[in-house]
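To start, the structure under review is shown below, and the notes come after it.
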Amino acid sequence: MAFLKYSLIRLALFVPLFVLFQLLELGAFMSVICAGLIAFGISYLFFQKQRDAAAGAVHERLSGRAKPIRTAGEVDDANAEDSLVDAHPDVTVKMEKRPKDA
């Protein structure tokens with residue numbers, strides 16, 4: 001959520017600057033460059049706490065310590081398996097070990 005918040009702050013800085021530079025008839029390419037540089041500078045100087053939180057969130061997600069995100073299909077499958085196991089307590093589920101090379 002911190003990454004999204006910081007991205008929205010940067011976008012909220014970029015868009016009005018881009019529109020301003022377009023109104024000043026700088027051209028699309030120069031407007032993007034100027035708005036991007038100014039938005040970067042403002043966010044770098046004044047939004048350090050949000051930037052650090054966003055960087056921490058990205059680091060947490062990519063470090064391998066974050067819990068995996070499950071799709072709706074995976075959740076449905078797990079719920080179906082749990083209900084079958086609960087309905088038939090005499091049946092056990094045996095997990096097979098896979099070779100490490102596979």
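Chain identifiers are assigned as A, B, and so on, following the order in which chains appear in the structure tokens; residues are numbered from 1 within each chain, and ligands are numbered from 1 in order of appearance.
The list of residues with at least one atom within 9 Å of region 48-58 of chain A, based on only C-alpha atoms and without residues fewer than 2 positions apart in the same chain, reads A:Met1, A:Ala2, A:Phe3, A:Leu4, A:Lys5, A:Tyr6, A:Ser7, A:Ser43, A:Tyr44, A:Leu45, A:Phe46, A:Glu60, A:Arg61, A:Leu62, A:Ser63.
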Check region 12-88 of chain A with DSSP on the backbone and list each residue it calls alpha helix (DSSP H), as a PyMOL selection string.
-> chain A and resi 12-23+28-46+48-62+72-87
